[in-house]
>>> print(open('upload23.txt').read())   # compact mmCIF, N, CA and C atoms
# COMPACT_ATOMS: atom_id res chain seq x y z
N MET A 825 -10.97 5.13 13.18
CA MET A 825 -9.58 5.28 12.86
C MET A 825 -8.79 4.04 13.29
N ARG A 826 -9.18 3.44 14.39
CA ARG A 826 -8.50 2.22 14.84
C ARG A 826 -8.66 1.11 13.81
N PHE A 827 -9.85 1.05 13.20
CA PHE A 827 -10.09 0.05 12.16
C PHE A 827 -9.10 0.23 11.02
N LEU A 828 -8.87 1.47 10.59
CA LEU A 828 -7.95 1.73 9.48
C LEU A 828 -6.51 1.43 9.87
N LEU A 829 -6.15 1.72 11.10
CA LEU A 829 -4.81 1.37 11.56
C LEU A 829 -4.62 -0.14 11.59
N PHE A 830 -5.64 -0.86 12.06
CA PHE A 830 -5.59 -2.31 12.10
C PHE A 830 -5.49 -2.88 10.68
N SER A 831 -6.31 -2.36 9.76
CA SER A 831 -6.27 -2.87 8.40
C SER A 831 -4.93 -2.52 7.73
N LEU A 832 -4.35 -1.38 8.08
CA LEU A 832 -3.03 -1.01 7.57
C LEU A 832 -1.98 -2.03 8.01
N LEU A 833 -2.02 -2.41 9.27
CA LEU A 833 -1.08 -3.41 9.79
C LEU A 833 -1.27 -4.77 9.11
N ILE A 834 -2.50 -5.13 8.85
CA ILE A 834 -2.79 -6.41 8.18
C ILE A 834 -2.23 -6.38 6.75
N ILE A 835 -2.43 -5.26 6.04
CA ILE A 835 -1.91 -5.14 4.67
C ILE A 835 -0.39 -5.19 4.67
N LEU A 836 0.23 -4.45 5.59
CA LEU A 836 1.70 -4.46 5.67
C LEU A 836 2.22 -5.86 5.96
N ALA A 837 1.59 -6.55 6.89
CA ALA A 837 2.01 -7.91 7.23
C ALA A 837 1.79 -8.86 6.06
N GLY A 838 0.68 -8.73 5.37
CA GLY A 838 0.39 -9.58 4.22
C GLY A 838 1.41 -9.39 3.11
N ILE A 839 1.73 -8.14 2.81
CA ILE A 839 2.73 -7.86 1.78
C ILE A 839 4.08 -8.42 2.20
N ALA A 840 4.45 -8.21 3.46
CA ALA A 840 5.74 -8.71 3.95
C ALA A 840 5.80 -10.23 3.84
N TYR A 841 4.74 -10.90 4.25
CA TYR A 841 4.71 -12.36 4.18
C TYR A 841 4.85 -12.84 2.73
N LEU A 842 4.05 -12.27 1.84
CA LEU A 842 4.11 -12.69 0.44
C LEU A 842 5.43 -12.33 -0.22
N SER A 843 6.10 -11.29 0.29
CA SER A 843 7.38 -10.88 -0.28
C SER A 843 8.53 -11.77 0.15
N ILE A 844 8.44 -12.33 1.35
CA ILE A 844 9.58 -13.12 1.85
C ILE A 844 9.28 -14.61 1.96
N ALA A 845 8.06 -15.01 1.61
CA ALA A 845 7.72 -16.43 1.64
C ALA A 845 8.47 -17.15 0.52
N PRO A 846 8.78 -18.42 0.73
CA PRO A 846 9.42 -19.18 -0.35
C PRO A 846 8.59 -19.13 -1.63
N SER A 847 9.26 -19.19 -2.75
CA SER A 847 8.59 -18.99 -4.04
C SER A 847 7.54 -20.05 -4.34
N GLU A 848 7.61 -21.23 -3.70
CA GLU A 848 6.60 -22.27 -3.94
C GLU A 848 5.22 -21.83 -3.44
N ILE A 849 5.19 -20.96 -2.43
CA ILE A 849 3.93 -20.52 -1.85
C ILE A 849 3.25 -19.48 -2.73
N VAL A 850 4.04 -18.67 -3.40
CA VAL A 850 3.52 -17.55 -4.18
C VAL A 850 3.25 -18.01 -5.60
N ASN A 851 2.05 -17.68 -6.11
CA ASN A 851 1.68 -18.01 -7.47
C ASN A 851 2.25 -16.96 -8.41
N ASP A 852 2.98 -17.40 -9.43
CA ASP A 852 3.60 -16.47 -10.37
C ASP A 852 2.68 -16.06 -11.51
N GLY A 853 1.45 -16.54 -11.55
CA GLY A 853 0.53 -16.28 -12.66
C GLY A 853 0.36 -14.81 -13.01
N ASN A 854 -0.25 -14.05 -12.13
CA ASN A 854 -0.47 -12.62 -12.37
C ASN A 854 0.33 -11.82 -11.36
N ASP A 855 1.59 -12.07 -11.30
CA ASP A 855 2.46 -11.48 -10.30
C ASP A 855 2.43 -9.95 -10.31
N LYS A 856 2.55 -9.34 -11.45
CA LYS A 856 2.61 -7.88 -11.53
C LYS A 856 1.27 -7.25 -11.17
N VAL A 857 0.19 -7.89 -11.56
CA VAL A 857 -1.14 -7.41 -11.20
C VAL A 857 -1.32 -7.49 -9.69
N GLY A 858 -0.82 -8.56 -9.10
CA GLY A 858 -0.88 -8.71 -7.64
C GLY A 858 -0.12 -7.61 -6.93
N HIS A 859 1.06 -7.28 -7.44
CA HIS A 859 1.84 -6.18 -6.86
C HIS A 859 1.06 -4.88 -6.95
N LEU A 860 0.50 -4.60 -8.11
CA LEU A 860 -0.25 -3.36 -8.31
C LEU A 860 -1.42 -3.27 -7.34
N ILE A 861 -2.18 -4.34 -7.22
CA ILE A 861 -3.34 -4.34 -6.33
C ILE A 861 -2.92 -4.19 -4.87
N ALA A 862 -1.90 -4.92 -4.45
CA ALA A 862 -1.46 -4.86 -3.05
C ALA A 862 -1.00 -3.46 -2.67
N TYR A 863 -0.20 -2.84 -3.52
CA TYR A 863 0.32 -1.51 -3.19
C TYR A 863 -0.73 -0.41 -3.38
N ALA A 864 -1.69 -0.62 -4.26
CA ALA A 864 -2.80 0.33 -4.37
C ALA A 864 -3.64 0.28 -3.08
N CYS A 865 -3.91 -0.93 -2.60
CA CYS A 865 -4.66 -1.08 -1.34
C CYS A 865 -3.90 -0.44 -0.18
N LEU A 866 -2.60 -0.66 -0.13
CA LEU A 866 -1.78 -0.08 0.93
C LEU A 866 -1.85 1.44 0.87
N MET A 867 -1.73 2.01 -0.33
CA MET A 867 -1.73 3.47 -0.46
C MET A 867 -3.11 4.05 -0.16
N VAL A 868 -4.16 3.38 -0.58
CA VAL A 868 -5.52 3.86 -0.26
C VAL A 868 -5.71 3.89 1.25
N ASN A 869 -5.29 2.84 1.92
CA ASN A 869 -5.42 2.80 3.38
C ASN A 869 -4.61 3.92 4.02
N PHE A 870 -3.35 4.07 3.61
CA PHE A 870 -2.53 5.17 4.11
C PHE A 870 -3.17 6.52 3.78
N GLY A 871 -3.71 6.63 2.58
CA GLY A 871 -4.34 7.87 2.15
C GLY A 871 -5.54 8.25 3.00
N LEU A 872 -6.35 7.27 3.34
CA LEU A 872 -7.51 7.55 4.19
C LEU A 872 -7.08 8.05 5.56
N LEU A 873 -5.94 7.58 6.02
CA LEU A 873 -5.44 8.00 7.33
C LEU A 873 -4.75 9.37 7.31
N THR A 874 -4.23 9.79 6.16
CA THR A 874 -3.36 10.97 6.15
C THR A 874 -3.77 12.07 5.17
N TYR A 875 -4.77 11.85 4.33
CA TYR A 875 -5.09 12.80 3.25
C TYR A 875 -5.41 14.20 3.76
N PHE A 876 -5.96 14.31 4.94
CA PHE A 876 -6.35 15.60 5.50
C PHE A 876 -5.14 16.49 5.81
N ASN A 877 -3.94 15.92 5.89
CA ASN A 877 -2.73 16.67 6.22
C ASN A 877 -1.71 16.46 5.10
N ARG A 878 -1.45 17.51 4.34
CA ARG A 878 -0.59 17.41 3.15
C ARG A 878 0.79 16.83 3.45
N LYS A 879 1.42 17.25 4.54
CA LYS A 879 2.75 16.74 4.88
C LYS A 879 2.70 15.25 5.21
N LYS A 880 1.71 14.85 6.01
CA LYS A 880 1.59 13.44 6.37
C LYS A 880 1.27 12.59 5.14
N TYR A 881 0.43 13.12 4.26
CA TYR A 881 0.06 12.39 3.05
C TYR A 881 1.27 12.21 2.13
N THR A 882 2.03 13.26 1.95
CA THR A 882 3.24 13.18 1.13
C THR A 882 4.23 12.18 1.74
N PHE A 883 4.38 12.23 3.06
CA PHE A 883 5.25 11.28 3.75
C PHE A 883 4.75 9.85 3.55
N ALA A 884 3.43 9.65 3.60
CA ALA A 884 2.85 8.32 3.41
C ALA A 884 3.15 7.79 2.01
N ILE A 885 3.10 8.65 1.02
CA ILE A 885 3.42 8.23 -0.35
C ILE A 885 4.87 7.75 -0.42
N PHE A 886 5.79 8.55 0.10
CA PHE A 886 7.20 8.17 0.06
C PHE A 886 7.48 6.94 0.92
N LEU A 887 6.81 6.82 2.05
CA LEU A 887 7.00 5.65 2.91
C LEU A 887 6.51 4.38 2.21
N THR A 888 5.40 4.48 1.51
CA THR A 888 4.87 3.32 0.78
C THR A 888 5.79 2.92 -0.36
N LEU A 889 6.32 3.91 -1.08
CA LEU A 889 7.29 3.62 -2.15
C LEU A 889 8.55 2.97 -1.57
N PHE A 890 9.01 3.50 -0.44
CA PHE A 890 10.20 2.94 0.22
C PHE A 890 9.94 1.50 0.67
N TYR A 891 8.76 1.25 1.22
CA TYR A 891 8.40 -0.10 1.67
C TYR A 891 8.42 -1.07 0.50
N GLY A 892 7.85 -0.65 -0.64
CA GLY A 892 7.85 -1.51 -1.82
C GLY A 892 9.25 -1.82 -2.31
N GLY A 893 10.10 -0.81 -2.34
CA GLY A 893 11.49 -1.03 -2.74
C GLY A 893 12.23 -1.92 -1.76
N SER A 894 11.99 -1.70 -0.49
CA SER A 894 12.64 -2.51 0.55
C SER A 894 12.25 -3.97 0.46
N MET A 895 10.99 -4.24 0.21
CA MET A 895 10.54 -5.63 0.09
C MET A 895 11.23 -6.32 -1.08
N GLU A 896 11.42 -5.60 -2.17
CA GLU A 896 12.12 -6.18 -3.32
C GLU A 896 13.59 -6.43 -3.00
N ILE A 897 14.23 -5.51 -2.32
CA ILE A 897 15.65 -5.68 -1.96
C ILE A 897 15.81 -6.86 -1.01
N ILE A 898 14.90 -7.00 -0.05
CA ILE A 898 14.95 -8.12 0.89
C ILE A 898 14.85 -9.45 0.15
N GLN A 899 14.09 -9.49 -0.94
CA GLN A 899 13.94 -10.74 -1.70
C GLN A 899 15.27 -11.23 -2.26
N TYR A 900 16.19 -10.34 -2.47
CA TYR A 900 17.51 -10.72 -2.97
C TYR A 900 18.20 -11.69 -2.00
N PHE A 901 17.90 -11.54 -0.71
CA PHE A 901 18.53 -12.35 0.33
C PHE A 901 17.72 -13.57 0.73
N VAL A 902 16.54 -13.76 0.13
CA VAL A 902 15.68 -14.89 0.46
C VAL A 902 15.92 -16.01 -0.54
N PRO A 903 16.29 -17.19 -0.05
CA PRO A 903 16.54 -18.32 -0.96
C PRO A 903 15.30 -18.60 -1.82
N GLY A 904 15.54 -18.77 -3.11
CA GLY A 904 14.45 -19.07 -4.03
C GLY A 904 13.71 -17.85 -4.54
N ARG A 905 14.05 -16.68 -4.06
CA ARG A 905 13.41 -15.44 -4.51
C ARG A 905 14.45 -14.56 -5.18
N CYS A 906 14.00 -13.62 -5.98
CA CYS A 906 14.94 -12.70 -6.60
C CYS A 906 14.33 -11.30 -6.66
N MET A 907 15.20 -10.33 -6.63
CA MET A 907 14.80 -8.94 -6.73
C MET A 907 14.48 -8.65 -8.20
N SER A 908 13.42 -7.88 -8.43
CA SER A 908 13.02 -7.59 -9.81
C SER A 908 12.67 -6.12 -9.97
N ILE A 909 13.27 -5.49 -10.96
CA ILE A 909 12.95 -4.09 -11.26
C ILE A 909 11.51 -3.99 -11.75
N TYR A 910 11.01 -5.02 -12.41
CA TYR A 910 9.63 -5.01 -12.90
C TYR A 910 8.64 -5.07 -11.73
N ASP A 911 9.00 -5.81 -10.69
CA ASP A 911 8.15 -5.82 -9.49
C ASP A 911 8.16 -4.45 -8.82
N MET A 912 9.33 -3.82 -8.78
CA MET A 912 9.41 -2.46 -8.22
C MET A 912 8.54 -1.49 -9.01
N LEU A 913 8.56 -1.62 -10.33
CA LEU A 913 7.72 -0.76 -11.16
C LEU A 913 6.24 -1.04 -10.92
N ALA A 914 5.88 -2.31 -10.75
CA ALA A 914 4.49 -2.65 -10.45
C ALA A 914 4.08 -2.11 -9.08
N ASN A 915 4.99 -2.18 -8.10
CA ASN A 915 4.72 -1.61 -6.78
C ASN A 915 4.47 -0.11 -6.90
N THR A 916 5.34 0.57 -7.64
CA THR A 916 5.22 2.02 -7.83
C THR A 916 3.92 2.37 -8.55
N ALA A 917 3.59 1.60 -9.58
CA ALA A 917 2.33 1.83 -10.29
C ALA A 917 1.14 1.66 -9.35
N GLY A 918 1.21 0.67 -8.47
CA GLY A 918 0.14 0.47 -7.50
C GLY A 918 0.01 1.64 -6.55
N VAL A 919 1.13 2.16 -6.07
CA VAL A 919 1.10 3.34 -5.19
C VAL A 919 0.47 4.52 -5.92
N MET A 920 0.88 4.74 -7.15
CA MET A 920 0.34 5.87 -7.92
C MET A 920 -1.15 5.69 -8.19
N PHE A 921 -1.56 4.45 -8.45
CA PHE A 921 -2.98 4.17 -8.64
C PHE A 921 -3.76 4.46 -7.35
N GLY A 922 -3.18 4.09 -6.22
CA GLY A 922 -3.80 4.41 -4.93
C GLY A 922 -3.92 5.90 -4.70
N VAL A 923 -2.90 6.66 -5.09
CA VAL A 923 -2.93 8.12 -4.97
C VAL A 923 -4.07 8.68 -5.81
N ILE A 924 -4.23 8.16 -7.03
CA ILE A 924 -5.31 8.63 -7.91
C ILE A 924 -6.67 8.31 -7.31
N ILE A 925 -6.82 7.11 -6.77
CA ILE A 925 -8.09 6.72 -6.14
C ILE A 925 -8.43 7.67 -4.99
N ILE A 926 -7.45 7.93 -4.13
CA ILE A 926 -7.69 8.83 -3.01
C ILE A 926 -8.03 10.24 -3.51
N TYR A 927 -7.33 10.71 -4.51
CA TYR A 927 -7.56 12.07 -5.03
C TYR A 927 -9.01 12.22 -5.51
N PHE A 928 -9.50 11.22 -6.24
CA PHE A 928 -10.83 11.35 -6.82
C PHE A 928 -11.97 10.88 -5.92
N PHE A 929 -11.68 9.98 -4.99
CA PHE A 929 -12.77 9.36 -4.23
C PHE A 929 -12.66 9.50 -2.71
N TYR A 930 -11.76 10.34 -2.21
CA TYR A 930 -11.59 10.48 -0.76
C TYR A 930 -12.90 10.85 -0.06
N ASN A 931 -13.59 11.86 -0.56
CA ASN A 931 -14.82 12.32 0.11
C ASN A 931 -15.89 11.24 0.12
N GLN A 932 -16.05 10.52 -0.99
CA GLN A 932 -17.03 9.45 -1.04
C GLN A 932 -16.66 8.32 -0.07
N MET A 933 -15.39 7.98 -0.04
CA MET A 933 -14.94 6.92 0.87
C MET A 933 -15.10 7.35 2.32
N LYS A 934 -14.81 8.60 2.59
CA LYS A 934 -14.97 9.12 3.95
C LYS A 934 -16.43 9.05 4.38
N ALA A 935 -17.35 9.39 3.46
CA ALA A 935 -18.78 9.33 3.77
C ALA A 935 -19.24 7.90 4.04
N ILE A 936 -18.74 6.97 3.25
CA ILE A 936 -19.10 5.56 3.46
C ILE A 936 -18.58 5.07 4.81
N LEU A 937 -17.34 5.40 5.12
CA LEU A 937 -16.77 5.00 6.41
C LEU A 937 -17.54 5.62 7.57
N LYS A 938 -17.96 6.86 7.40
CA LYS A 938 -18.74 7.52 8.45
C LYS A 938 -20.05 6.80 8.70
N LYS A 939 -20.72 6.37 7.60
CA LYS A 939 -21.97 5.61 7.74
C LYS A 939 -21.74 4.29 8.46
N LEU A 940 -20.55 3.72 8.29
CA LEU A 940 -20.22 2.47 8.96
C LEU A 940 -19.73 2.66 10.39
N GLY A 941 -19.65 3.92 10.81
CA GLY A 941 -19.21 4.22 12.16
C GLY A 941 -17.71 4.32 12.32
N ILE A 942 -16.99 4.43 11.20
CA ILE A 942 -15.53 4.54 11.23
C ILE A 942 -15.18 5.99 10.99
N LYS A 943 -14.60 6.60 12.00
CA LYS A 943 -14.27 8.02 11.94
C LYS A 943 -12.84 8.24 11.49
N LEU A 944 -12.65 9.18 10.56
CA LEU A 944 -11.31 9.57 10.13
C LEU A 944 -10.88 10.77 10.97
N GLN A 945 -9.60 10.89 11.20
CA GLN A 945 -8.97 12.01 11.96
C GLN A 945 -9.27 11.87 13.41
>>> encode(input="upload23.txt", output="structure tokens")
Amino acid sequence: MRFLLFSLLIILAGIAYLSIAPSEIVNDGNDKVGHLIAYACLMVNFGLLTYFNRKKYTFAIFLTLFYGGSMEIIQYFVPGRCMSIYDMLANTAGVMFGVIIIYFFYNQMKAILKKLGIKLQ
């Protein structure tokens, strides 16, 4: 579980850095795909930590959506960056994709983590 908490912090920090870094650092090539992948990874990680408890899992979904929206709003105040509704939609799509992954593959992922010595709950 500590591993998942650590990886959650790394994902959160990575998203925050990429969201507020000057635009020269961030590649605009596949921007929306990057948003989708980042937020899907974030939601899968949150899902692995909370799926066993419906209230915590629901809270994790809303918290992840809020985090994505907040990062976009913060970009409005960062020189060289701009807030984008399309980025928010890509963030939301990534969260929903993560929810789908957890729904269909939670037990398999839990078994793999158990084999690696990573305990959930």
>>> atom_distance(input="upload23.txt", atom1="atom CA of A:Ala864", atom2="atom CA of A:Met920")
7.3 Å
>>> closest_residue(input="upload23.txt", among="A:Thr888, A:Ile839, A:Pro846, A:Phe830", to="A:Pro903", atoms="only N, CA and C atoms")
A:Pro846
>>> residues_around(input="upload23.txt", residues="stretch 870-884 of chain A", least_positions_apart="3", cutoff="8 Å", atoms="all atoms listed in the file", output="ChimeraX atom specification")
/A:825,828-829,831-832,864-867,887-890,922-923,926-927,930,933-934,944-945
>>> atom_distance(input="upload23.txt", atom1="atom CA of A:Ala862", atom2="atom C of A:Ile924")
14.8 Å
>>> axis_aligned_box(input="upload23.txt", around="stretch 886-891 of chain A", padding_each_side="6 Å", output="lines of an AutoDock Vina configuration file")
center_x = 7.5
center_y = 3.7
center_z = 0.4
size_x = 17.3
size_y = 21.6
size_z = 17.1
>>> closest_residue(input="upload23.txt", among="A:Phe928, A:Leu937, A:Gly893, A:Phe827", to="A:Asn915", atoms="only C-alpha atoms")
A:Gly893
>>> atom_distance(input="upload23.txt", atom1="atom CA of A:Ile844", atom2="atom CA of A:Arg826")
27.0 Å
>>> select_by_dssp(input="upload23.txt", residues="chain A", states="helix (DSSP H, G or I)", output="ChimeraX atom specification")
/A:826-844,855-874,878-899,909-939
>>> residues_near_point(input="upload23.txt", point="(1.8, -3.4, -10.3)", cutoff="8 Å", atoms="all atoms listed in the file", output="number ranges by chain")
A: 855-864, 910-919
>>> build_atoms(input="upload23.txt", residues="stretch 866-887 of chain A", atoms="N, CA, C and O atoms", output="PDB file, keeping the file's coordinate frame")
ATOM      1  N   LEU A 866      -2.600  -0.660  -0.130  1.00  0.00           N
ATOM      2  CA  LEU A 866      -1.780  -0.080   0.930  1.00  0.00           C
ATOM      3  C   LEU A 866      -1.850   1.440   0.870  1.00  0.00           C
ATOM      4  O   LEU A 866      -2.049   2.111   1.890  1.00  0.00           O
ATOM      5  N   MET A 867      -1.730   2.010  -0.330  1.00  0.00           N
ATOM      6  CA  MET A 867      -1.730   3.470  -0.460  1.00  0.00           C
ATOM      7  C   MET A 867      -3.110   4.050  -0.160  1.00  0.00           C
ATOM      8  O   MET A 867      -3.205   5.116   0.450  1.00  0.00           O
ATOM      9  N   VAL A 868      -4.160   3.380  -0.580  1.00  0.00           N
ATOM     10  CA  VAL A 868      -5.520   3.860  -0.260  1.00  0.00           C
ATOM     11  C   VAL A 868      -5.710   3.890   1.250  1.00  0.00           C
ATOM     12  O   VAL A 868      -6.231   4.864   1.812  1.00  0.00           O
ATOM     13  N   ASN A 869      -5.290   2.840   1.920  1.00  0.00           N
ATOM     14  CA  ASN A 869      -5.420   2.800   3.380  1.00  0.00           C
ATOM     15  C   ASN A 869      -4.610   3.920   4.020  1.00  0.00           C
ATOM     16  O   ASN A 869      -5.120   4.652   4.879  1.00  0.00           O
ATOM     17  N   PHE A 870      -3.350   4.070   3.610  1.00  0.00           N
ATOM     18  CA  PHE A 870      -2.530   5.170   4.110  1.00  0.00           C
ATOM     19  C   PHE A 870      -3.170   6.520   3.780  1.00  0.00           C
ATOM     20  O   PHE A 870      -3.156   7.445   4.588  1.00  0.00           O
ATOM     21  N   GLY A 871      -3.710   6.630   2.580  1.00  0.00           N
ATOM     22  CA  GLY A 871      -4.340   7.870   2.150  1.00  0.00           C
ATOM     23  C   GLY A 871      -5.540   8.250   3.000  1.00  0.00           C
ATOM     24  O   GLY A 871      -5.725   9.416   3.342  1.00  0.00           O
ATOM     25  N   LEU A 872      -6.350   7.270   3.340  1.00  0.00           N
ATOM     26  CA  LEU A 872      -7.510   7.550   4.190  1.00  0.00           C
ATOM     27  C   LEU A 872      -7.080   8.050   5.560  1.00  0.00           C
ATOM     28  O   LEU A 872      -7.770   8.849   6.185  1.00  0.00           O
ATOM     29  N   LEU A 873      -5.940   7.580   6.020  1.00  0.00           N
ATOM     30  CA  LEU A 873      -5.440   8.000   7.330  1.00  0.00           C
ATOM     31  C   LEU A 873      -4.750   9.370   7.310  1.00  0.00           C
ATOM     32  O   LEU A 873      -4.680  10.035   8.348  1.00  0.00           O
ATOM     33  N   THR A 874      -4.230   9.790   6.160  1.00  0.00           N
ATOM     34  CA  THR A 874      -3.360  10.970   6.150  1.00  0.00           C
ATOM     35  C   THR A 874      -3.770  12.070   5.170  1.00  0.00           C
ATOM     36  O   THR A 874      -3.161  13.134   5.177  1.00  0.00           O
ATOM     37  N   TYR A 875      -4.770  11.850   4.330  1.00  0.00           N
ATOM     38  CA  TYR A 875      -5.090  12.800   3.250  1.00  0.00           C
ATOM     39  C   TYR A 875      -5.410  14.200   3.760  1.00  0.00           C
ATOM     40  O   TYR A 875      -5.155  15.193   3.089  1.00  0.00           O
ATOM     41  N   PHE A 876      -5.960  14.310   4.940  1.00  0.00           N
ATOM     42  CA  PHE A 876      -6.350  15.600   5.500  1.00  0.00           C
ATOM     43  C   PHE A 876      -5.140  16.490   5.810  1.00  0.00           C
ATOM     44  O   PHE A 876      -5.273  17.698   5.993  1.00  0.00           O
ATOM     45  N   ASN A 877      -3.940  15.920   5.890  1.00  0.00           N
ATOM     46  CA  ASN A 877      -2.730  16.670   6.220  1.00  0.00           C
ATOM     47  C   ASN A 877      -1.710  16.460   5.100  1.00  0.00           C
ATOM     48  O   ASN A 877      -1.188  15.366   4.921  1.00  0.00           O
ATOM     49  N   ARG A 878      -1.450  17.510   4.340  1.00  0.00           N
ATOM     50  CA  ARG A 878      -0.590  17.410   3.150  1.00  0.00           C
ATOM     51  C   ARG A 878       0.790  16.830   3.450  1.00  0.00           C
ATOM     52  O   ARG A 878       1.282  15.984   2.708  1.00  0.00           O
ATOM     53  N   LYS A 879       1.420  17.250   4.540  1.00  0.00           N
ATOM     54  CA  LYS A 879       2.750  16.740   4.880  1.00  0.00           C
ATOM     55  C   LYS A 879       2.700  15.250   5.210  1.00  0.00           C
ATOM     56  O   LYS A 879       3.548  14.475   4.768  1.00  0.00           O
ATOM     57  N   LYS A 880       1.710  14.850   6.010  1.00  0.00           N
ATOM     58  CA  LYS A 880       1.590  13.440   6.370  1.00  0.00           C
ATOM     59  C   LYS A 880       1.270  12.590   5.140  1.00  0.00           C
ATOM     60  O   LYS A 880       1.783  11.477   4.989  1.00  0.00           O
ATOM     61  N   TYR A 881       0.430  13.120   4.260  1.00  0.00           N
ATOM     62  CA  TYR A 881       0.060  12.390   3.050  1.00  0.00           C
ATOM     63  C   TYR A 881       1.270  12.210   2.130  1.00  0.00           C
ATOM     64  O   TYR A 881       1.520  11.110   1.631  1.00  0.00           O
ATOM     65  N   THR A 882       2.030  13.260   1.950  1.00  0.00           N
ATOM     66  CA  THR A 882       3.240  13.180   1.130  1.00  0.00           C
ATOM     67  C   THR A 882       4.230  12.180   1.740  1.00  0.00           C
ATOM     68  O   THR A 882       4.823  11.358   1.031  1.00  0.00           O
ATOM     69  N   PHE A 883       4.380  12.230   3.060  1.00  0.00           N
ATOM     70  CA  PHE A 883       5.250  11.280   3.750  1.00  0.00           C
ATOM     71  C   PHE A 883       4.750   9.850   3.550  1.00  0.00           C
ATOM     72  O   PHE A 883       5.546   8.921   3.334  1.00  0.00           O
ATOM     73  N   ALA A 884       3.430   9.650   3.600  1.00  0.00           N
ATOM     74  CA  ALA A 884       2.850   8.320   3.410  1.00  0.00           C
ATOM     75  C   ALA A 884       3.150   7.790   2.010  1.00  0.00           C
ATOM     76  O   ALA A 884       3.447   6.591   1.851  1.00  0.00           O
ATOM     77  N   ILE A 885       3.100   8.650   1.020  1.00  0.00           N
ATOM     78  CA  ILE A 885       3.420   8.230  -0.350  1.00  0.00           C
ATOM     79  C   ILE A 885       4.870   7.750  -0.420  1.00  0.00           C
ATOM     80  O   ILE A 885       5.151   6.654  -0.922  1.00  0.00           O
ATOM     81  N   PHE A 886       5.790   8.550   0.100  1.00  0.00           N
ATOM     82  CA  PHE A 886       7.200   8.170   0.060  1.00  0.00           C
ATOM     83  C   PHE A 886       7.480   6.940   0.920  1.00  0.00           C
ATOM     84  O   PHE A 886       8.271   6.073   0.529  1.00  0.00           O
ATOM     85  N   LEU A 887       6.810   6.820   2.050  1.00  0.00           N
ATOM     86  CA  LEU A 887       7.000   5.650   2.910  1.00  0.00           C
ATOM     87  C   LEU A 887       6.510   4.380   2.210  1.00  0.00           C
ATOM     88  O   LEU A 887       7.172   3.341   2.274  1.00  0.00           O
TER      89      LEU A 887
END
